[in-house]
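Q: Just one file: structure_23.cif, with mmCIF, C-alpha atoms.
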data_target
loop_
_atom_site.label_atom_id
_atom_site.label_comp_id
_atom_site.auth_asym_id
_atom_site.auth_seq_id
_atom_site.Cartn_x
_atom_site.Cartn_y
_atom_site.Cartn_z
CA MET X 1 0.00 0.00 0.00
CA GLU X 2 1.30 3.41 -0.84
CA GLU X 3 2.09 5.87 1.86
CA LYS X 4 -0.67 8.27 0.97
CA ASP X 5 -3.20 5.50 0.82
CA LEU X 6 -2.14 4.32 4.22
CA ASP X 7 -2.55 7.78 5.66
CA LYS X 8 -5.88 8.18 3.97
CA MET X 9 -7.20 4.91 5.28
CA PHE X 10 -6.53 5.90 8.83
CA ARG X 11 -7.78 9.40 8.27
CA THR X 12 -11.15 8.38 6.92
CA ALA X 13 -11.56 5.80 9.67
CA PHE X 14 -11.06 8.39 12.36
CA ARG X 15 -12.88 11.28 10.73
CA GLU X 16 -16.21 11.10 12.50
CA ALA X 17 -14.99 8.79 15.20
CA GLU X 18 -16.59 8.90 18.60
CA GLU X 19 -15.54 7.47 21.92
CA THR X 20 -17.48 7.63 25.15
CA PRO X 21 -15.77 9.01 28.20
CA SER X 22 -16.87 8.29 31.74
CA ASN X 23 -19.80 10.25 33.13
CA ASP X 24 -18.04 12.22 35.78
CA ILE X 25 -15.82 14.21 33.44
CA TRP X 26 -18.17 17.15 33.16
CA ALA X 27 -18.30 17.50 36.91
CA LYS X 28 -14.54 17.69 36.99
CA ILE X 29 -14.50 20.27 34.23
CA GLU X 30 -17.05 22.39 36.04
CA ASN X 31 -15.04 22.10 39.19
CA ASP X 32 -11.93 23.30 37.41
CA LEU X 33 -13.82 26.21 35.92
CA ASN X 34 -15.26 27.26 39.25
CA ASN X 35 -12.01 26.95 41.10
CA PRO X 36 -9.25 28.08 38.79
CA SER X 37 -5.92 27.26 40.35
CA THR X 38 -3.06 26.43 38.07
CA ILE X 39 -4.90 27.36 34.92
CA ILE X 40 -4.34 30.99 34.12
CA PRO X 41 -7.16 32.44 32.05
CA LEU X 42 -6.38 34.90 29.32
CA PRO X 43 -7.27 38.49 30.01
CA LYS X 44 -10.77 39.31 28.95
CA LYS X 45 -11.51 41.33 25.90
CA ASN X 46 -11.96 44.40 28.06
CA ASN X 47 -8.29 45.14 27.56
CA TRP X 48 -8.90 47.80 25.00
CA TRP X 49 -10.57 50.02 27.58
CA ILE X 50 -7.28 50.48 29.38
CA TYR X 51 -5.37 51.27 26.25
CA SER X 52 -7.93 53.77 24.99
CA ALA X 53 -8.06 55.45 28.39
CA ALA X 54 -4.28 55.78 28.39
CA ALA X 55 -4.37 57.25 24.91
CA VAL X 56 -6.99 59.79 25.96
CA VAL X 57 -4.88 60.87 28.92
CA ILE X 58 -1.78 61.35 26.80
CA VAL X 59 -3.62 63.26 24.11
CA SER X 60 -5.33 65.54 26.60
CA LEU X 61 -1.99 66.27 28.27
CA GLY X 62 -0.61 67.23 24.90
CA ILE X 63 -3.53 69.50 24.15
CA TRP X 64 -3.26 71.09 27.58
CA GLY X 65 0.41 71.78 26.95
CA LEU X 66 -0.37 73.36 23.61
CA LEU X 67 -3.10 75.51 25.09
CA LEU X 68 -0.76 76.66 27.79
CA ASN X 69 1.75 77.69 25.19
CA ASN X 70 -0.87 79.52 23.17
CA LYS X 71 -2.11 81.30 26.27
CA LYS X 72 1.38 82.63 26.90
CA ASN X 73 1.56 83.98 23.39
CA LEU X 74 -1.81 85.64 23.69
CA ILE X 75 -0.86 87.18 26.99
CA VAL X 76 2.30 88.55 25.43
CA ASP X 77 0.40 90.02 22.55
CA SER X 78 -2.12 91.66 24.79
CA ASN X 79 0.67 92.87 27.06
CA LEU X 80 2.48 94.45 24.18
CA THR X 81 -0.58 96.10 22.83
CA ALA X 82 -1.43 97.30 26.31
CA ILE X 83 2.03 98.76 26.70
CA SER X 84 1.88 100.48 23.36
CA LYS X 85 -1.60 101.65 24.12
CA THR X 86 -0.61 103.26 27.38
CA SER X 87 2.43 104.88 25.85
CA ILE X 88 0.33 106.18 23.00
CA GLU X 89 -2.18 107.55 25.40
CA ASN X 90 0.57 109.30 27.29
CA LYS X 91 1.86 110.92 24.19
CA VAL X 92 -1.57 112.03 23.20
CA LEU X 93 -2.21 113.62 26.57
CA VAL X 94 1.05 115.51 26.47
CA ASP X 95 0.13 117.20 23.24
CA SER X 96 -2.58 119.72 23.15
CA SER X 97 -5.90 118.11 22.90
CA ASP X 98 -7.65 118.71 19.70
CA SER X 99 -11.20 117.62 19.47
CA LYS X 100 -11.30 117.17 15.78
CA PRO X 101 -11.04 113.53 15.03
CA THR X 102 -9.01 113.81 11.88
CA LEU X 103 -6.44 116.04 13.47
CA LEU X 104 -6.19 113.87 16.48
CA GLN X 105 -5.77 110.93 14.30
CA LYS X 106 -3.04 112.71 12.43
CA LYS X 107 -1.11 113.32 15.58
CA TYR X 108 -1.83 109.85 16.66
CA ASP X 109 -0.37 108.54 13.48
CA ARG X 110 2.71 110.64 13.64
CA GLN X 111 3.29 109.42 17.09
CA VAL X 112 2.43 105.92 16.33
CA VAL X 113 4.98 105.57 13.63
CA PRO X 114 8.03 106.64 15.56
CA LEU X 115 6.76 105.04 18.68
CA VAL X 116 6.22 101.85 16.94
CA LYS X 117 9.65 102.10 15.47
CA GLU X 118 11.09 102.50 18.91
CA THR X 119 9.25 99.61 20.30
CA ILE X 120 10.31 97.57 17.40
CA ILE X 121 13.96 98.18 17.96
CA ALA X 122 13.65 97.75 21.63
CA LYS X 123 11.77 94.54 21.42
CA SER X 124 13.66 93.30 18.45
CA ASN X 125 11.25 92.47 15.77
CA VAL X 126 8.20 91.62 17.72
CA LYS X 127 5.20 91.71 15.50
CA ILE X 128 2.24 93.58 16.79
CA SER X 129 -0.64 92.35 14.81
CA ASN X 130 -3.67 94.37 14.01
CA THR X 131 -6.69 92.94 15.68
CA SER X 132 -9.29 94.68 13.61
CA ALA X 133 -10.00 93.74 10.07
CA SER X 134 -8.33 96.68 8.41
CA LYS X 135 -5.70 95.93 5.90
CA PRO X 136 -2.15 95.81 7.16
CA SER X 137 0.10 98.39 5.70
CA LYS X 138 3.34 97.00 4.61
CA ASP X 139 5.49 99.96 5.20
CA LYS X 140 8.74 100.09 3.59
CA PRO X 141 10.15 103.33 4.69
CA LYS X 142 8.85 106.43 3.15
CA LEU X 143 8.20 108.46 6.15
CA GLU X 144 6.94 111.55 4.45
CA PRO X 145 4.10 110.11 2.49
CA ILE X 146 2.89 108.09 5.39
CA PRO X 147 0.72 110.72 7.01
CA ASP X 148 -1.27 111.21 3.84
CA ASN X 149 -1.89 107.55 3.27
CA SER X 150 -2.44 106.91 6.85
CA LEU X 151 -4.91 109.73 7.12
CA LEU X 152 -7.00 108.03 4.54
CA LEU X 153 -6.64 104.79 6.31
CA SER X 154 -7.29 106.32 9.64
CA SER X 155 -10.39 108.14 8.51
CA ILE X 156 -11.70 104.86 7.35
CA GLU X 157 -10.68 103.42 10.60
CA ILE X 158 -12.56 106.01 12.56
CA GLN X 159 -15.79 105.01 10.97
CA LYS X 160 -15.31 101.59 12.33
CA PRO X 161 -16.54 100.74 15.77
CA ASN X 162 -14.10 101.30 18.53
CA THR X 163 -12.18 98.33 19.56
CA GLU X 164 -10.49 98.18 22.86
CA LEU X 165 -7.04 97.82 21.42
CA PRO X 166 -5.53 100.74 19.54
CA GLN X 167 -5.28 100.78 15.80
CA VAL X 168 -1.78 99.58 15.53
CA ARG X 169 -0.63 98.56 12.15
CA GLN X 170 1.53 95.66 11.31
CA VAL X 171 5.11 96.81 11.17
CA THR X 172 8.39 95.35 10.29
CA GLU X 173 11.82 96.62 10.99
CA ILE X 174 12.57 99.69 9.00
CA ASP X 175 15.94 99.43 7.41
CA ASP X 176 18.12 102.33 6.52
CA ILE X 177 18.12 103.44 2.98
CA LYS X 178 20.54 101.20 1.26
CA PRO X 179 22.73 102.01 -1.68
CA LEU X 180 21.95 100.14 -4.81
CA ILE X 181 25.31 98.47 -4.90
CA GLU X 182 26.55 96.80 -1.85
CA PHE X 183 30.27 97.00 -1.57
CA GLU X 184 31.97 93.86 -0.56
CA GLU X 185 34.03 95.56 2.03
CA GLU X 186 31.05 97.02 3.66
CA ALA X 187 28.89 93.96 3.58
CA GLU X 188 26.95 93.97 6.74
CA SER X 189 26.49 90.32 7.15
CA MET X 190 27.37 86.95 5.83
CA LEU X 191 24.96 85.53 3.33
CA ALA X 192 23.91 82.79 5.58
CA SER X 193 23.07 84.89 8.55
CA THR X 194 20.40 87.24 7.30
CA THR X 195 18.16 88.43 10.00
CA ASN X 196 14.96 86.56 10.34
CA SER X 197 12.27 89.09 10.87
CA THR X 198 9.45 86.63 11.30
CA GLU X 199 10.52 85.32 14.65
CA LYS X 200 7.97 84.54 17.28
CA SER X 201 8.35 85.38 20.88
CA ASN X 202 6.77 84.87 24.22
CA ILE X 203 7.22 86.30 27.68
CA ILE X 204 10.51 84.57 28.25
CA THR X 205 12.10 85.61 25.00
CA THR X 206 10.91 89.18 25.37
CA VAL X 207 12.46 89.45 28.79
CA LEU X 208 15.68 87.91 27.61
CA ASN X 209 15.83 90.22 24.66
CA LYS X 210 15.32 93.23 26.86
CA ILE X 211 18.14 92.13 29.09
CA SER X 212 20.46 91.56 26.18
CA LYS X 213 19.58 94.93 24.75
CA ASN X 214 20.41 96.59 27.99
CA LEU X 215 23.68 94.79 28.21
CA GLU X 216 24.69 95.76 24.70
CA GLN X 217 27.69 97.95 24.37
CA ASN X 218 27.88 100.30 21.45
CA ASN X 219 25.40 98.16 19.64
CA ASP X 220 28.19 95.82 18.68
CA GLU X 221 26.69 92.52 19.47
CA LYS X 222 23.19 91.48 19.26
CA VAL X 223 21.77 88.47 20.90
CA ARG X 224 18.24 87.71 19.99
CA PHE X 225 15.98 85.12 21.47
CA HIS X 226 13.04 83.63 19.73
CA ILE X 227 10.65 80.76 19.99
CA ASP X 228 9.67 78.53 17.10
CA GLU X 229 6.43 76.77 16.23
CA GLU X 230 7.17 73.82 18.41
CA GLY X 231 7.94 75.91 21.44
CA SER X 232 11.69 75.42 21.45
CA PHE X 233 13.86 78.35 22.33
CA GLY X 234 16.38 79.68 19.87
CA ILE X 235 19.21 82.11 20.18
CA ASN X 236 20.53 84.17 17.34
CA ILE X 237 23.99 85.50 18.00
CA ILE X 238 25.00 88.03 15.44
CA ASN X 239 28.54 89.07 14.79
CA SER X 240 30.03 86.68 17.24
CA ILE X 241 31.99 84.13 15.32
CA ALA X 242 31.52 85.18 11.76
CA LYS X 243 32.93 88.60 11.36
CA ASN X 244 31.65 90.78 8.69
CA ASN X 245 33.71 92.82 6.44
CA ASN X 246 32.40 96.10 7.60
CA LYS X 247 35.45 98.14 7.79
CA LYS X 248 34.81 101.78 8.02
CA ARG X 249 37.31 103.37 5.84
CA LYS X 250 38.48 106.70 6.72
CA MET S 1 -38.14 8.16 -7.69
CA GLN S 2 -34.66 7.78 -6.31
CA PRO S 3 -33.31 11.17 -7.32
CA ILE S 4 -36.14 13.10 -5.68
CA GLN S 5 -35.73 11.22 -2.44
CA ASP S 6 -32.02 11.79 -2.47
CA PHE S 7 -32.53 15.46 -3.11
CA SER S 8 -34.94 15.90 -0.25
CA ARG S 9 -32.60 13.99 2.01
CA LEU S 10 -29.78 16.23 0.98
CA HIS S 11 -31.96 19.26 1.53
CA ASN S 12 -32.80 18.10 5.00
CA ILE S 13 -29.20 17.52 5.83
CA THR S 14 -28.12 20.93 4.66
CA THR S 15 -30.88 22.72 6.50
CA SER S 16 -30.07 20.86 9.64
CA ILE S 17 -26.45 21.86 9.28
CA ILE S 18 -27.45 25.48 8.87
CA LEU S 19 -29.70 25.33 11.88
CA GLU S 20 -26.98 23.73 13.85
CA ASN S 21 -24.60 26.50 12.97
CA LEU S 22 -26.97 29.19 14.20
CA GLU S 23 -27.70 27.31 17.37
CA LEU S 24 -24.04 26.66 17.79
CA ASP S 25 -23.21 30.35 17.48
CA LYS S 26 -25.73 31.19 20.16
CA LEU S 27 -24.50 28.39 22.34
CA TRP S 28 -20.89 29.48 21.93
CA GLN S 29 -21.81 33.03 22.88
CA GLU S 30 -23.37 31.77 26.06
CA CYS S 31 -20.28 29.72 26.78
CA SER S 32 -18.10 32.79 26.37
CA LEU S 33 -20.20 34.43 29.03
CA GLN S 34 -19.36 31.49 31.26
CA ASN S 35 -22.93 30.22 31.37
CA ARG S 36 -22.44 26.83 32.98
CA ARG S 37 -25.52 25.27 31.46
CA ALA S 38 -24.50 26.32 27.97
CA GLN S 39 -21.04 24.99 28.58
CA GLU S 40 -22.45 21.67 29.71
CA GLN S 41 -24.53 21.51 26.55
CA LEU S 42 -21.50 22.20 24.42
CA TYR S 43 -19.55 19.55 26.26
CA ASN S 44 -22.28 16.97 25.78
CA HIS S 45 -22.49 17.76 22.11
CA PHE S 46 -18.80 17.43 21.40
CA SER S 47 -17.39 15.19 24.10
CA LYS S 48 -17.48 11.96 22.13
CA ARG S 49 -15.77 13.37 19.11
CA MET S 50 -13.17 15.01 21.27
CA PHE S 51 -12.59 11.93 23.32
CA ALA S 52 -11.90 9.97 20.14
CA ILE S 53 -8.99 12.30 19.54
CA CYS S 54 -7.75 11.86 23.08
CA VAL S 55 -7.63 8.08 22.90
CA ARG S 56 -5.48 8.22 19.84
CA TYR S 57 -2.80 10.12 21.71
CA ALA S 58 -3.06 8.79 25.21
CA TYR S 59 -1.54 5.64 26.66
CA THR S 60 -4.10 4.94 29.33
CA THR S 61 -7.78 5.64 29.80
CA LEU S 62 -6.96 7.85 32.70
CA GLU S 63 -4.60 9.86 30.59
CA ALA S 64 -7.18 10.14 27.81
CA GLU S 65 -9.73 11.46 30.27
CA ASP S 66 -7.25 13.93 31.67
CA ILE S 67 -6.65 15.25 28.21
CA LEU S 68 -10.38 15.55 27.62
CA GLN S 69 -10.91 17.38 30.90
CA ASN S 70 -8.02 19.78 30.52
CA GLY S 71 -8.85 20.36 26.90
CA PHE S 72 -12.37 21.46 27.66
CA VAL S 73 -11.29 23.68 30.52
CA LYS S 74 -8.95 25.37 28.08
CA ILE S 75 -11.70 25.71 25.52
CA PHE S 76 -13.93 27.48 28.02
CA THR S 77 -11.30 29.72 29.55
CA LYS S 78 -9.44 30.63 26.37
CA TYR S 79 -12.55 31.30 24.35
CA THR S 80 -11.13 34.62 23.17
CA LEU S 81 -8.65 32.70 21.04
CA TYR S 82 -11.44 31.59 18.74
CA ASP S 83 -11.80 34.47 16.32
CA GLY S 84 -14.64 33.11 14.23
CA ILE S 85 -12.37 32.12 11.36
CA GLY S 86 -12.90 28.46 10.54
CA SER S 87 -15.32 26.17 12.27
CA LEU S 88 -15.67 26.06 16.02
CA GLU S 89 -15.25 22.32 15.99
CA GLY S 90 -11.99 22.65 14.08
CA TRP S 91 -10.70 25.08 16.65
CA MET S 92 -11.76 22.88 19.50
CA LYS S 93 -10.00 19.91 17.94
CA LYS S 94 -6.81 21.94 17.71
CA ILE S 95 -7.03 22.76 21.39
CA MET S 96 -7.57 19.12 22.16
CA VAL S 97 -4.55 18.05 20.12
CA ASN S 98 -2.39 20.68 21.80
CA THR S 99 -3.52 19.49 25.21
CA ALA S 100 -2.69 15.93 24.21
CA ILE S 101 0.81 16.92 23.19
CA GLU S 102 1.25 18.84 26.41
CA THR S 103 0.34 15.77 28.39
CA TYR S 104 2.60 13.62 26.26
CA ARG S 105 5.53 15.95 26.92
CA LYS S 106 4.85 15.98 30.62
CA ASN S 107 4.59 12.25 30.85
CA GLN S 108 7.38 11.34 28.50
CA GLY S 109 9.61 10.20 31.29
CA LYS S 110 7.04 7.83 32.64
CA TYR S 111 6.65 5.72 29.57
CA THR S 112 8.64 2.62 28.87
CA GLU S 113 8.10 1.15 25.48
CA SER S 114 7.62 -2.46 26.26
CA ILE S 115 5.11 -2.07 29.06
CA GLU S 116 2.92 0.46 27.34
CA ALA S 117 2.85 -1.44 24.11
CA SER S 118 1.42 -4.49 25.75
CA GLU S 119 -1.22 -2.70 27.77
CA SER S 120 -4.04 -1.93 25.46
CA LEU S 121 -6.75 0.54 26.17
CA GLN S 122 -10.05 -0.91 27.23
CA MET S 123 -12.46 1.10 25.23
CA THR S 124 -16.12 1.22 26.10
CA SER S 125 -17.19 2.37 22.71
CA SER S 126 -20.33 1.00 21.12
CA LEU S 127 -19.54 -1.75 18.68
CA ASN S 128 -20.92 -1.28 15.25
CA ALA S 129 -20.46 -3.35 12.13
CA ASP S 130 -19.12 -0.31 10.37
CA GLN S 131 -16.78 0.24 13.17
CA THR S 132 -14.83 -3.02 13.15
CA GLU S 133 -12.33 -1.58 10.79
CA TYR S 134 -12.18 1.50 12.92
CA LYS S 135 -11.61 -0.51 16.05
CA ASP S 136 -8.82 -2.50 14.51
CA LEU S 137 -7.11 0.58 13.24
CA LEU S 138 -7.44 2.26 16.57
CA ALA S 139 -5.91 -0.73 18.27
CA LEU S 140 -3.04 -0.59 15.85
CA ILE S 141 -2.46 3.06 16.52
CA GLN S 142 -2.45 2.44 20.21
CA GLN S 143 0.25 -0.13 19.81
CA LEU S 144 2.52 2.15 17.90
CA PRO S 145 5.72 2.80 19.78
CA LEU S 146 6.38 6.04 21.57
CA GLY S 147 7.00 9.07 19.40
CA TYR S 148 5.97 7.36 16.15
CA ARG S 149 2.44 7.44 17.32
CA THR S 150 2.27 11.16 18.03
CA ILE S 151 3.88 12.05 14.76
CA PHE S 152 1.72 9.68 12.77
CA ASN S 153 -1.38 11.12 14.43
CA LEU S 154 -0.31 14.67 13.74
CA TYR S 155 0.76 14.13 10.17
CA ALA S 156 -1.55 11.50 8.76
CA ILE S 157 -4.72 12.18 10.69
CA GLU S 158 -4.62 15.76 11.86
CA GLY S 159 -2.87 16.96 8.73
CA TYR S 160 -0.03 19.00 10.22
CA SER S 161 3.04 19.63 8.08
CA HIS S 162 6.50 18.49 9.13
CA LYS S 163 7.39 22.08 9.82
CA GLU S 164 4.44 22.48 12.15
CA ILE S 165 5.19 19.21 13.88
CA ALA S 166 8.81 20.23 14.34
CA ASN S 167 7.64 23.42 16.03
CA LEU S 168 5.08 21.69 18.16
CA LEU S 169 7.31 18.93 19.44
CA ALA S 170 10.55 20.90 19.43
CA ILE S 171 12.28 18.51 17.09
CA SER S 172 13.82 18.94 13.68
CA GLU S 173 11.89 18.49 10.47
CA GLY S 174 14.18 15.68 9.50
CA ASN S 175 13.44 13.93 12.75
CA SER S 176 9.75 14.27 12.09
CA LYS S 177 10.09 12.84 8.60
CA SER S 178 12.13 9.85 9.66
CA GLN S 179 9.82 9.02 12.55
CA LEU S 180 6.84 9.22 10.24
CA SER S 181 8.32 6.84 7.73
CA ARG S 182 9.18 4.40 10.50
CA ALA S 183 5.62 4.61 11.82
CA ARG S 184 4.28 3.86 8.39
CA GLN S 185 6.55 0.89 7.96
CA TRP S 186 5.49 -0.48 11.30
CA LEU S 187 1.81 -0.11 10.48
CA GLN S 188 2.21 -1.56 7.02
CA ALA S 189 3.77 -4.66 8.44
CA ARG S 190 0.96 -5.14 10.93
CA LEU S 191 -1.71 -4.48 8.33
CA VAL S 192 -0.36 -7.07 6.00
CA ASN S 193 -0.39 -9.52 8.86
CA GLN S 194 -3.99 -8.82 9.64
CA ASN S 195 -5.07 -8.69 6.02
CA LEU S 196 -6.80 -5.36 6.29
#
What is this file in structure tokens?

A:
Amino acid sequence: MEEKDLDKMFRTAFREAEETPSNDIWAKIENDLNNPSTIIPLPKKNNWWIYSAAAVVIVSLGIWGLLLNNKKNLIVDSNLTAISKTSIENKVLVDSSDSKPTLLQKKYDRQVVPLVKETIIAKSNVKISNTSASKPSKDKPKLEPIPDNSLLLSSIEIQKPNTELPQVRQVTEIDDIKPLIEFEEEAESMLASTTNSTEKSNIITTVLNKISKNLEQNNDEKVRFHIDEEGSFGINIINSIAKNNNKKRK
Amino acid sequence: MQPIQDFSRLHNITTSIILENLELDKLWQECSLQNRRAQEQLYNHFSKRMFAICVRYAYTTLEAEDILQNGFVKIFTKYTLYDGIGSLEGWMKKIMVNTAIETYRKNQGKYTESIEASESLQMTSSLNADQTEYKDLLALIQQLPLGYRTIFNLYAIEGYSHKEIANLLAISEGNSKSQLSRARQWLQARLVNQNL
């Protein structure tokens, strides 16, 4: 007989085979089920509850952390606007009060621009965003024409309902008027280290920047702190290792 | 009129199988919930078929009954392992075979070839004309020497591959193959003697 036939013969014989055990087996089985001792049952299918609960905890912690971070940023923004608001108010009070709205606005603007410039330099490129829906003015420096344009803008702005925060426009750092050709010898910076004007900040970086500004001597070095999207701190050290070629020739 | 009768018989069989499946699903659900009455029902339904597997692997009646008992306890406590793929009976048989192998491994030291071969199992199964061949074959299996028997059972009857057997018994595939061929030779010789 061939091997496969042999196997098959046995297999078919045993396929539906039945044998009768003694009657007390079920009792023993039941006993084992009721009193589990050495047999370790598998964990029930309720396992997933634990894992999902753990996941929820972790996710909520992450969200909480993010919210905390956002809150700090918001507080900073409102702080800055509050500061600028108070300083603006002071300036306005000092000047003679003029009841005409347009005139007031004019003065306001004139003061805003330099004030904003100051704050910008002091706080090193902190963006003060406009909370109302008016269009942001991207001012590249033409200081003279500004009042005219801004008057228009401001008159429009007056029509709008008063918001609590002052009408502060979006500003960026105002560079000096540059010559068309940049001489190699007077190159201000290395190519790779251009200043990043879109840096974020929060309370900590603002404080640090203030301190570094105060510690600056002759405006030689600049150390700027910023915070990136993920909340990590960054330090920009300008003119430390890489010297520029700015040699003032007599 | 033969074909019509056959058809209706076939129809009856298939419907009864379908009914059984539905009832079985419900019963199994109850067993998963550890409903003792449902579990007893399941046991009663399957015990004979399962015991038939046990006697093929075991060396004494007591051992066979131990395998049956432990196997069913496993079935009821490890119910989560049955994922609905394949038949419930097939899964239960697997558990039973695994329990048998476990027992075999535990008791390996106790067996001595000569003694066990001579002691034959006293089966209390119902004798049926159709079953004489079955009985003889079973007796033959039970006389197979140690090791050959397990492998022959696993390969020829359960349908495991040599690779699976090697994993299960912690032996090499080559070992499994050689033991199988020796088992076959042994059986062949006996079969020729008995003119089966």

Q: What does the PyMOL selection byres ((chain S and resi 176) around 9) select in this file, as a ChimeraX atom specification?

A: /S:148,151,162-163,165-166,171-175,177-181

Q: Between atom CA of Gln41 of chain S and atom CA of Val97 of chain S, what is the distance in Å, rounded to a tenth?

A: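 Computed distance, atom CA of Gln41 of chain S to atom CA of Val97 of chain S, equals 21.3 Å.
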
Q: Selection in question (the file shown): the PyMOL selection byres ((chain S) within 6 of (chain X)). Which residues does it include, as a PyMOL selection string?

A: chain S and resi 48-49+51-52+69+73+77+125+134+156-157

Q: What does the structure give for the distance between atom CA of Glu40 of chain S and atom CA of Glu65 of chain S, in Å to one decimal?

A: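 If I compute the distance from atom CA of Glu40 of chain S to atom CA of Glu65 of chain S, I get 16.3 Å.
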
Q: Which residues are near segment 222-238 of chain X? Cut-off 6 Å, all atoms listed in the file, ignore same chain within fewer than 3 positions. Put them as a short mmCIF file (atom, residue, chain, number, x, y, z; two decimals) with C-alpha atoms, in the frame of the given file.

A:
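Contents of selection-v1.cif, as written:
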data_model
loop_
_atom_site.label_atom_id
_atom_site.label_comp_id
_atom_site.auth_asym_id
_atom_site.auth_seq_id
_atom_site.Cartn_x
_atom_site.Cartn_y
_atom_site.Cartn_z
CA GLU X 199 10.52 85.32 14.65
CA LYS X 200 7.97 84.54 17.28
CA SER X 201 8.35 85.38 20.88
CA THR X 205 12.10 85.61 25.00
CA ASN X 209 15.83 90.22 24.66
#

Q: Give me, please, the distance in Å between atom CA of Asn70 of chain S and atom CA of Asn23 of chain X, quoted to one decimal.

A: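 Those two atoms sit 15.4 Å apart.
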
Q: List the residues selected by the PyMOL selection byres ((chain S and resi 137) around 10) in the file shown, writing them as a list in words.

A: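 The output of the PyMOL selection byres ((chain S and resi 137) around 10) on this file is Met9, Phe10, Ala13 and Phe14 of chain X; Gln131, Thr132, Glu133, Tyr134, Lys135, Asp136, Leu138, Ala139, Leu140, Ile141, Gln142, Gln143, Leu187, Leu191 and Leu196 of chain S.
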
Q: Find the residues around Trp28 of chain S up to 8 Å (all atoms listed in the file counted), leave out those fewer than 4 positions away in its own chain, and share them as a ChimeraX atom specification.

A: /S:24,32,38,42

Q: Write out the residues from the selection above, keeping C-alpha atoms, as a compact mmCIF listing (two decimals), in the frame of the given file.

A:
# COMPACT_ATOMS: atom_id res chain seq x y z
CA LEU S 24 -24.04 26.66 17.79
CA SER S 32 -18.10 32.79 26.37
CA ALA S 38 -24.50 26.32 27.97
CA LEU S 42 -21.50 22.20 24.42

Q: Find the residues around segment 85-94 of chain S up to 12 Å (only C-alpha atoms counted), leave out those fewer than 4 positions away in its own chain, and share them as a short mmCIF file (atom, residue, chain, number, x, y, z; two decimals) with C-alpha atoms, in the frame of the given file.

A:
data_model
loop_
_atom_site.label_atom_id
_atom_site.label_comp_id
_atom_site.auth_asym_id
_atom_site.auth_seq_id
_atom_site.Cartn_x
_atom_site.Cartn_y
_atom_site.Cartn_z
CA ARG X 15 -12.88 11.28 10.73
CA GLU X 16 -16.21 11.10 12.50
CA GLU S 20 -26.98 23.73 13.85
CA ASN S 21 -24.60 26.50 12.97
CA LEU S 22 -26.97 29.19 14.20
CA LEU S 24 -24.04 26.66 17.79
CA ASP S 25 -23.21 30.35 17.48
CA LEU S 27 -24.50 28.39 22.34
CA TRP S 28 -20.89 29.48 21.93
CA GLN S 29 -21.81 33.03 22.88
CA LEU S 42 -21.50 22.20 24.42
CA TYR S 43 -19.55 19.55 26.26
CA HIS S 45 -22.49 17.76 22.11
CA PHE S 46 -18.80 17.43 21.40
CA SER S 47 -17.39 15.19 24.10
CA LYS S 48 -17.48 11.96 22.13
CA ARG S 49 -15.77 13.37 19.11
CA MET S 50 -13.17 15.01 21.27
CA PHE S 51 -12.59 11.93 23.32
CA ALA S 52 -11.90 9.97 20.14
CA ILE S 53 -8.99 12.30 19.54
CA CYS S 54 -7.75 11.86 23.08
CA ILE S 67 -6.65 15.25 28.21
CA LEU S 68 -10.38 15.55 27.62
CA GLY S 71 -8.85 20.36 26.90
CA PHE S 72 -12.37 21.46 27.66
CA VAL S 73 -11.29 23.68 30.52
CA LYS S 74 -8.95 25.37 28.08
CA ILE S 75 -11.70 25.71 25.52
CA PHE S 76 -13.93 27.48 28.02
CA LYS S 78 -9.44 30.63 26.37
CA TYR S 79 -12.55 31.30 24.35
CA THR S 80 -11.13 34.62 23.17
CA LEU S 81 -8.65 32.70 21.04
CA ASN S 98 -2.39 20.68 21.80
CA THR S 99 -3.52 19.49 25.21
CA ALA S 100 -2.69 15.93 24.21
CA ILE S 101 0.81 16.92 23.19
CA LEU S 154 -0.31 14.67 13.74
CA ILE S 157 -4.72 12.18 10.69
CA GLU S 158 -4.62 15.76 11.86
CA GLY S 159 -2.87 16.96 8.73
CA TYR S 160 -0.03 19.00 10.22
CA LEU S 168 5.08 21.69 18.16
#

Q: Point out the residue among S:Gln188, S:Ala170, S:Arg36, S:Tyr104 with the least atom-to-atom distance to Glu63 of chain S, counting all atoms listed in the file.

A: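 With all atoms listed in the file as the atom set, the closest residue is S:Tyr104.
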
Q: Of the candidates X:Ser52, X:Asn69, X:Ser37, X:Asn47, which one gets nearest to Ile204 of chain X if we count all atoms listed in the file?

A: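 Under the stated criterion, the closest residue is X:Asn69.
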
Q: Complete the atoms of segment 5-9 of chain X to N, CA and C atoms and put them out as a compact mmCIF listing (two decimals), in the frame of the given file.

A:
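The resulting file, part39.txt, is shown below:
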# COMPACT_ATOMS: atom_id res chain seq x y z
N ASP X 5 -2.01 6.32 0.61
CA ASP X 5 -3.20 5.50 0.82
C ASP X 5 -3.31 5.06 2.26
N LEU X 6 -2.18 4.73 2.82
CA LEU X 6 -2.14 4.32 4.22
C LEU X 6 -2.66 5.43 5.12
N ASP X 7 -2.10 6.63 4.88
CA ASP X 7 -2.55 7.78 5.66
C ASP X 7 -4.04 7.99 5.51
N LYS X 8 -4.47 7.90 4.25
CA LYS X 8 -5.88 8.18 3.97
C LYS X 8 -6.80 7.17 4.65
N MET X 9 -6.38 5.95 4.66
CA MET X 9 -7.20 4.91 5.28
C MET X 9 -7.45 5.22 6.75
